[in-house]
>>> print(open('query.txt').read())   # compact mmCIF, C-alpha atoms and all ligand atoms
# COMPACT_ATOMS: atom_id res chain seq x y z
CA MET A 56 25.85 -12.25 -9.90
CA LYS A 57 22.80 -10.31 -11.03
CA LYS A 58 19.63 -11.18 -9.10
CA PHE A 59 15.95 -10.87 -9.97
CA ILE A 60 13.97 -9.23 -7.18
CA GLY A 61 10.29 -10.09 -7.03
CA ALA A 62 7.84 -12.49 -5.43
CA GLN A 63 5.01 -14.76 -6.52
CA HIS A 64 1.99 -14.84 -4.21
CA HIS A 65 -1.20 -16.90 -4.05
CA PHE A 66 -3.32 -14.57 -1.97
CA HIS A 67 -6.58 -16.33 -2.91
CA GLU A 68 -5.59 -19.52 -1.05
CA ASN A 69 -6.31 -19.70 2.70
CA GLN A 70 -3.04 -21.31 3.76
CA ASN A 71 -0.91 -19.01 1.60
CA ALA A 72 -2.62 -15.91 2.95
CA LEU A 73 -2.13 -17.17 6.52
CA ASP A 74 1.53 -18.03 5.83
CA TRP A 75 2.10 -14.51 4.44
CA ALA A 76 0.46 -12.92 7.48
CA ASN A 77 2.58 -15.01 9.87
CA ARG A 78 5.79 -14.37 7.96
CA PHE A 79 5.29 -10.61 7.82
CA VAL A 80 4.23 -9.77 11.35
CA PRO A 81 5.39 -6.13 11.41
CA THR A 82 9.08 -5.56 12.17
CA PRO A 83 10.35 -2.30 13.72
CA GLU A 84 11.10 -0.99 10.21
CA ARG A 85 7.61 -1.77 8.97
CA LEU A 86 6.11 -0.16 12.06
CA GLN A 87 8.15 2.90 11.14
CA LEU A 88 6.48 2.84 7.71
CA PHE A 89 3.04 2.53 9.34
CA ASP A 90 3.79 5.35 11.77
CA THR A 91 5.02 7.60 8.96
CA ILE A 92 1.60 7.18 7.32
CA ILE A 93 -0.31 7.55 10.59
CA GLN A 94 1.59 10.74 11.53
CA GLN A 95 0.83 12.33 8.14
CA ILE A 96 -2.85 11.45 8.46
CA GLY A 97 -2.90 12.78 12.02
CA LYS A 98 -1.48 16.15 11.10
CA THR A 99 -3.49 16.70 7.89
CA SER A 100 -6.84 18.41 7.86
CA LEU A 101 -8.66 15.82 5.73
CA PRO A 102 -11.56 16.89 3.49
CA ALA A 103 -13.53 13.93 4.91
CA PRO A 104 -12.95 11.66 7.95
CA HIS A 105 -12.90 8.49 5.84
CA ILE A 106 -9.72 6.57 5.01
CA VAL A 107 -9.42 3.92 2.30
CA GLU A 108 -6.64 1.33 2.36
CA LEU A 109 -5.69 -0.40 -0.89
CA GLY A 110 -4.64 -4.05 -0.40
CA ILE A 111 -5.45 -4.20 3.32
CA GLY A 112 -4.11 -7.78 3.64
CA PRO A 113 -4.23 -9.08 7.24
CA GLY A 114 -5.02 -5.60 8.58
CA TYR A 115 -1.78 -4.75 10.39
CA LEU A 116 -1.71 -1.07 9.34
CA ALA A 117 -5.46 -0.68 9.89
CA GLU A 118 -5.22 -2.05 13.44
CA ARG A 119 -2.47 0.42 14.38
CA LEU A 120 -4.14 3.38 12.68
CA LEU A 121 -7.60 2.75 14.14
CA LYS A 122 -6.11 2.58 17.65
CA LYS A 123 -4.22 5.85 17.19
CA ILE A 124 -6.74 7.96 15.25
CA PRO A 125 -10.20 7.77 16.85
CA ASN A 126 -12.39 10.05 14.78
CA ILE A 127 -12.29 8.39 11.39
CA THR A 128 -14.00 5.60 9.52
CA TYR A 129 -11.97 3.09 7.52
CA GLU A 130 -12.47 1.07 4.36
CA GLY A 131 -10.20 -1.83 3.48
CA ILE A 132 -10.05 -2.95 -0.14
CA ASP A 133 -8.64 -6.31 -1.20
CA PHE A 134 -9.42 -8.90 -3.86
CA SER A 135 -8.56 -11.83 -1.62
CA THR A 136 -11.31 -13.48 0.47
CA PRO A 137 -8.76 -15.15 2.82
CA MET A 138 -7.00 -11.80 3.43
CA LEU A 139 -10.31 -10.01 4.07
CA ASN A 140 -11.23 -12.77 6.56
CA LEU A 141 -7.90 -12.38 8.37
CA ALA A 142 -8.40 -8.61 8.51
CA ALA A 143 -11.96 -8.98 9.82
CA THR A 144 -10.72 -11.23 12.65
CA ARG A 145 -7.86 -8.88 13.57
CA LEU A 146 -10.09 -5.80 13.47
CA ALA A 147 -13.11 -7.26 15.30
CA ALA A 148 -12.85 -4.62 18.04
CA HIS A 149 -13.24 -1.82 15.47
CA MET A 150 -16.10 -3.21 13.38
CA SER A 151 -18.38 -0.20 13.88
CA ARG A 152 -15.80 1.98 12.05
CA ILE A 153 -14.73 -0.42 9.29
CA LYS A 154 -16.10 -1.50 5.96
CA PHE A 155 -14.50 -4.20 3.82
CA THR A 156 -14.76 -3.87 0.07
CA GLN A 157 -13.79 -6.79 -2.13
CA ALA A 158 -12.45 -5.48 -5.41
CA ASP A 159 -9.69 -6.08 -7.92
CA LEU A 160 -7.55 -2.96 -8.32
CA VAL A 161 -6.58 -3.95 -11.86
CA ASN A 162 -9.53 -5.69 -13.46
CA GLU A 163 -12.58 -3.77 -12.31
CA ASP A 164 -13.85 -0.26 -11.62
CA TRP A 165 -12.97 -0.47 -7.92
CA GLY A 166 -13.51 3.27 -7.47
CA ALA A 167 -17.24 2.77 -8.07
CA LYS A 168 -17.43 0.49 -5.00
CA VAL A 169 -15.78 2.93 -2.59
CA SER A 170 -17.89 4.89 -0.08
CA ARG A 171 -17.69 8.67 -0.51
CA PRO A 172 -16.41 11.13 0.37
CA VAL A 173 -12.82 9.96 0.86
CA GLY A 174 -10.30 12.00 2.86
CA ALA A 175 -7.18 9.84 2.45
CA ILE A 176 -6.06 6.78 0.52
CA ILE A 177 -3.23 4.71 1.95
CA SER A 178 -1.43 1.50 1.09
CA THR A 179 1.60 -0.57 2.10
CA TRP A 180 3.42 -3.30 0.22
CA ALA A 181 0.53 -3.80 -2.20
CA LEU A 182 0.62 -1.78 -5.42
CA HIS A 183 3.83 -3.44 -6.71
CA ASP A 184 1.68 -6.59 -6.97
CA LEU A 185 -0.35 -4.90 -9.72
CA GLY A 186 2.52 -5.83 -12.01
CA SER A 187 3.28 -2.69 -14.02
CA GLN A 188 3.80 1.05 -13.98
CA GLU A 189 0.68 1.42 -16.12
CA ASN A 190 -1.51 -0.39 -13.57
CA THR A 191 -0.07 1.73 -10.78
CA ARG A 192 -0.71 4.88 -12.84
CA LYS A 193 -4.36 3.88 -13.35
CA VAL A 194 -4.78 3.29 -9.60
CA TYR A 195 -3.20 6.68 -8.86
CA GLN A 196 -5.61 8.26 -11.36
CA THR A 197 -8.64 6.68 -9.67
CA CYS A 198 -7.33 7.79 -6.25
CA HIS A 199 -7.09 11.36 -7.52
CA ARG A 200 -10.64 11.19 -8.87
CA LEU A 201 -12.04 9.81 -5.59
CA MET A 202 -10.75 12.59 -3.35
CA ALA A 203 -11.72 16.25 -3.03
CA SER A 204 -9.17 19.05 -2.78
CA GLY A 205 -6.88 18.48 0.21
CA GLY A 206 -7.19 14.69 0.05
CA ILE A 207 -3.94 12.85 0.68
CA LEU A 208 -2.43 9.73 -0.89
CA LEU A 209 0.25 7.80 1.01
CA ASN A 210 1.76 4.79 -0.73
CA GLY A 211 4.42 2.84 1.14
CA ASP A 212 5.59 0.28 -1.35
CA PHE A 213 8.51 -1.69 -2.71
CA VAL A 214 10.57 0.21 -5.24
CA LYS A 215 13.68 -0.29 -7.31
CA PRO A 216 16.48 1.65 -5.62
CA GLU A 217 18.45 4.06 -7.81
CA GLY A 218 21.91 2.72 -8.60
CA THR A 219 21.24 -1.01 -8.18
CA ARG A 220 22.64 -3.43 -10.76
CA HIS A 221 19.92 -6.01 -10.12
CA ASP A 222 16.69 -6.57 -12.07
CA PHE A 223 13.38 -5.93 -10.31
CA GLU A 224 9.87 -7.12 -11.19
CA ALA A 225 7.95 -4.53 -13.23
CA GLY A 226 5.74 -3.43 -10.32
CA ARG A 227 8.85 -2.32 -8.40
CA PHE A 228 10.14 0.84 -10.05
CA PRO A 229 12.08 3.90 -8.89
CA VAL A 230 10.62 6.50 -6.52
CA SER A 231 11.31 9.18 -9.15
CA ARG A 232 8.93 7.42 -11.57
CA HIS A 233 6.22 7.12 -8.89
CA LEU A 234 6.50 10.87 -8.31
CA GLU A 235 6.21 11.53 -12.07
CA LEU A 236 3.11 9.34 -12.33
CA LEU A 237 1.48 11.07 -9.37
CA GLN A 238 2.12 14.45 -10.96
CA GLU A 239 0.90 13.24 -14.38
CA VAL A 240 -2.51 12.21 -13.00
CA GLY A 241 -2.97 15.56 -11.25
CA PHE A 242 -1.56 15.25 -7.73
CA ARG A 243 0.51 18.11 -6.35
CA GLY A 244 3.43 18.11 -3.93
CA ALA A 245 4.45 14.53 -4.68
CA HIS A 246 7.49 13.60 -2.64
CA CYS A 247 9.14 10.74 -0.79
CA LEU A 248 8.77 10.82 3.01
CA ILE A 249 11.04 7.91 3.91
CA PHE A 250 13.07 5.11 2.29
CA LEU A 251 13.43 1.99 4.43
CA GLU A 252 15.75 -1.02 4.39
CA GLN A 253 17.67 0.29 1.39
CA GLU A 254 19.98 -2.39 0.03
CA LEU A 255 21.66 -2.01 -3.36
CA GLU A 256 24.24 -4.82 -3.35
CA ASN A 257 22.41 -7.90 -2.10
CA PRO A 258 18.71 -7.07 -1.83
CA THR A 259 15.91 -9.46 -0.89
CA SER A 260 12.30 -9.08 -2.01
CA ALA A 261 11.38 -7.70 1.44
CA GLN A 262 13.79 -4.74 1.33
CA ASN A 263 13.81 -1.37 -0.46
CA TYR A 264 10.47 0.25 0.25
CA ALA A 265 9.55 3.91 0.33
CA CYS A 266 6.60 6.01 1.41
CA MET A 267 5.40 8.47 -1.20
CA GLN A 268 2.92 11.22 -0.47
CA ALA A 269 0.85 13.46 -2.74
CA ILE A 270 -2.07 15.87 -2.31
CA VAL A 271 -5.16 16.52 -4.43
C1 LIG B 1 1.92 -8.16 0.10
S1 LIG B 1 0.27 -8.04 0.73
C2 LIG B 1 0.36 -6.60 1.79
C3 LIG B 1 -0.73 -6.54 2.79
C4 LIG B 1 -0.77 -5.31 3.69
N1 LIG B 1 -0.97 -4.10 2.94
C5 LIG B 1 0.47 -5.21 4.55
O1 LIG B 1 1.34 -4.35 4.29
O2 LIG B 1 0.59 -6.00 5.51
C6 LIG B 1 -0.59 -7.39 -0.70
C7 LIG B 1 -2.09 -7.37 -0.53
O3 LIG B 1 -2.64 -6.75 -1.71
C8 LIG B 1 -3.70 -7.54 -2.21
N2 LIG B 1 -3.73 -7.39 -3.67
C9 LIG B 1 -2.77 -7.73 -4.55
N3 LIG B 1 -3.18 -7.49 -5.81
C10 LIG B 1 -4.43 -6.97 -5.72
C11 LIG B 1 -5.39 -6.53 -6.67
N4 LIG B 1 -5.14 -6.59 -7.99
N5 LIG B 1 -6.56 -6.06 -6.23
C12 LIG B 1 -6.84 -6.00 -4.89
N6 LIG B 1 -5.98 -6.44 -3.94
C13 LIG B 1 -4.79 -6.91 -4.35
C14 LIG B 1 -3.37 -8.96 -1.78
O4 LIG B 1 -4.51 -9.80 -1.71
C15 LIG B 1 -2.72 -8.74 -0.42
O5 LIG B 1 -3.67 -8.74 0.61
>>> encode(input="query.txt", output="structure tokens")
Amino acid sequence: MKKFIGAQHHFHENQNALDWANRFVPTPERLQLFDTIIQQIGKTSLPAPHIVELGIGPGYLAERLLKKIPNITYEGIDFSTPMLNLAATRLAAHMSRIKFTQADLVNEDWGAKVSRPVGAIISTWALHDLGSQENTRKVYQTCHRLMASGGILLNGDFVKPEGTRHDFEAGRFPVSRHLELLQEVGFRGAHCLIFLEQELENPTSAQNYACMQAIV
């Protein structure tokens, strides 16, 4: 039977945010996604030592990255107060290097709130929640505008795998379309670094995610 792959979240409610954070304590596969991003950041000569994370959630990626890459500052964006509170608690040891920015990636000019200059913009499991290819395209466009030449975008997000017979929510679309959108808004060298937990036949909403990279 055909399935619909997607998820409804209530990130603005304390208990729901906490439940999400407890349910998605990073697995080995997700740590592989984080480390793919961290390795790319580590080996890139960034135009500025400031990294912005879109949809920081409970701060799992930030915690790992801040431990491994010492000489950068970090800015976590999220629209959810409960998620920002969870991240602030998790990242208490790194407070001198972190700024939290509350902003809605769809309904406001979030780029205007971001500290400049920005060397890299990263994200995991967040942009599919924006609900459409058009909203993702607009976020990619703002990312391109925020970074100088050499800036890097790394988006590790849920996608629709090529060849599946199932329906996916609109925010989950094929890697090939992500790469087209990145190119359309001006990024160069857009490509997929890794595809994790690929499952075509019987997917869950926590499988099929890829890390896409592009350079300004
Ligand atoms: C599925 S969670 C992922 C959290 C984290 N990136 C991770 O991988 O553990 C998605 C996060 O994106 C945030 N988010 C979703 N839609 C957003 C929007 N329109 N603007 C800002 N943040 C948003 C949510 O509040 C939540 O913290």
>>> residues_near_ligand(input="query.txt", ligand="ligand LIG 1 (chain B)", cutoff="8 Å", atoms="all atoms listed in the file", output="PyMOL selection string")
chain A and resi 64+66-67+72+75-76+79-81+108-116+132-135+138-139+157-162+178-182+184-185
>>> residues_around(input="query.txt", residues="A:Gln196", least_positions_apart="5", cutoff="8 Å", atoms="all atoms listed in the file", output="ChimeraX atom specification")
/A:237,240-241
>>> residues_around(input="query.txt", residues="A:Ala245", least_positions_apart="2", cutoff="10 Å", atoms="only C-alpha atoms", output="number ranges by chain")
A: 208-209, 231, 233-238, 241-243, 247-248, 267-271
>>> residues_near_point(input="query.txt", point="(-8.2, -16.9, 12.2)", cutoff="12 Å", atoms="only C-alpha atoms", output="list in words")
Asn69, Gln70, Ala72, Leu73, Asp74, Ala76, Asn77, Pro113, Pro137, Met138, Leu139, Asn140, Leu141, Ala142, Ala143, Thr144, Arg145, Leu146 and Ala147 of chain A
>>> residues_around(input="query.txt", residues="A:Lys123", least_positions_apart="3", cutoff="8 Å", atoms="all atoms listed in the file", output="list of chain:residue names")
A:Ile93, A:Arg119, A:Leu120
>>> closest_residue(input="query.txt", among="A:Ala117, A:Ala225, A:Cys198, A:Ile207", to="A:Gln95", atoms="all atoms listed in the file")
A:Ile207
>>> atom_distance(input="query.txt", atom1="atom CA of A:His246", atom2="atom CA of A:Leu88")
15.0 Å
>>> atom_distance(input="query.txt", atom1="atom CA of A:Lys215", atom2="atom CA of A:Asn263")
6.9 Å
>>> atom_distance(input="query.txt", atom1="atom CA of A:Asp222", atom2="atom CA of A:Asn71")
25.5 Å
>>> closest_residue(input="query.txt", among="A:Arg220, A:Lys122, A:Lys168, A:Lys98", to="A:Thr197", atoms="only C-alpha atoms")
A:Lys168
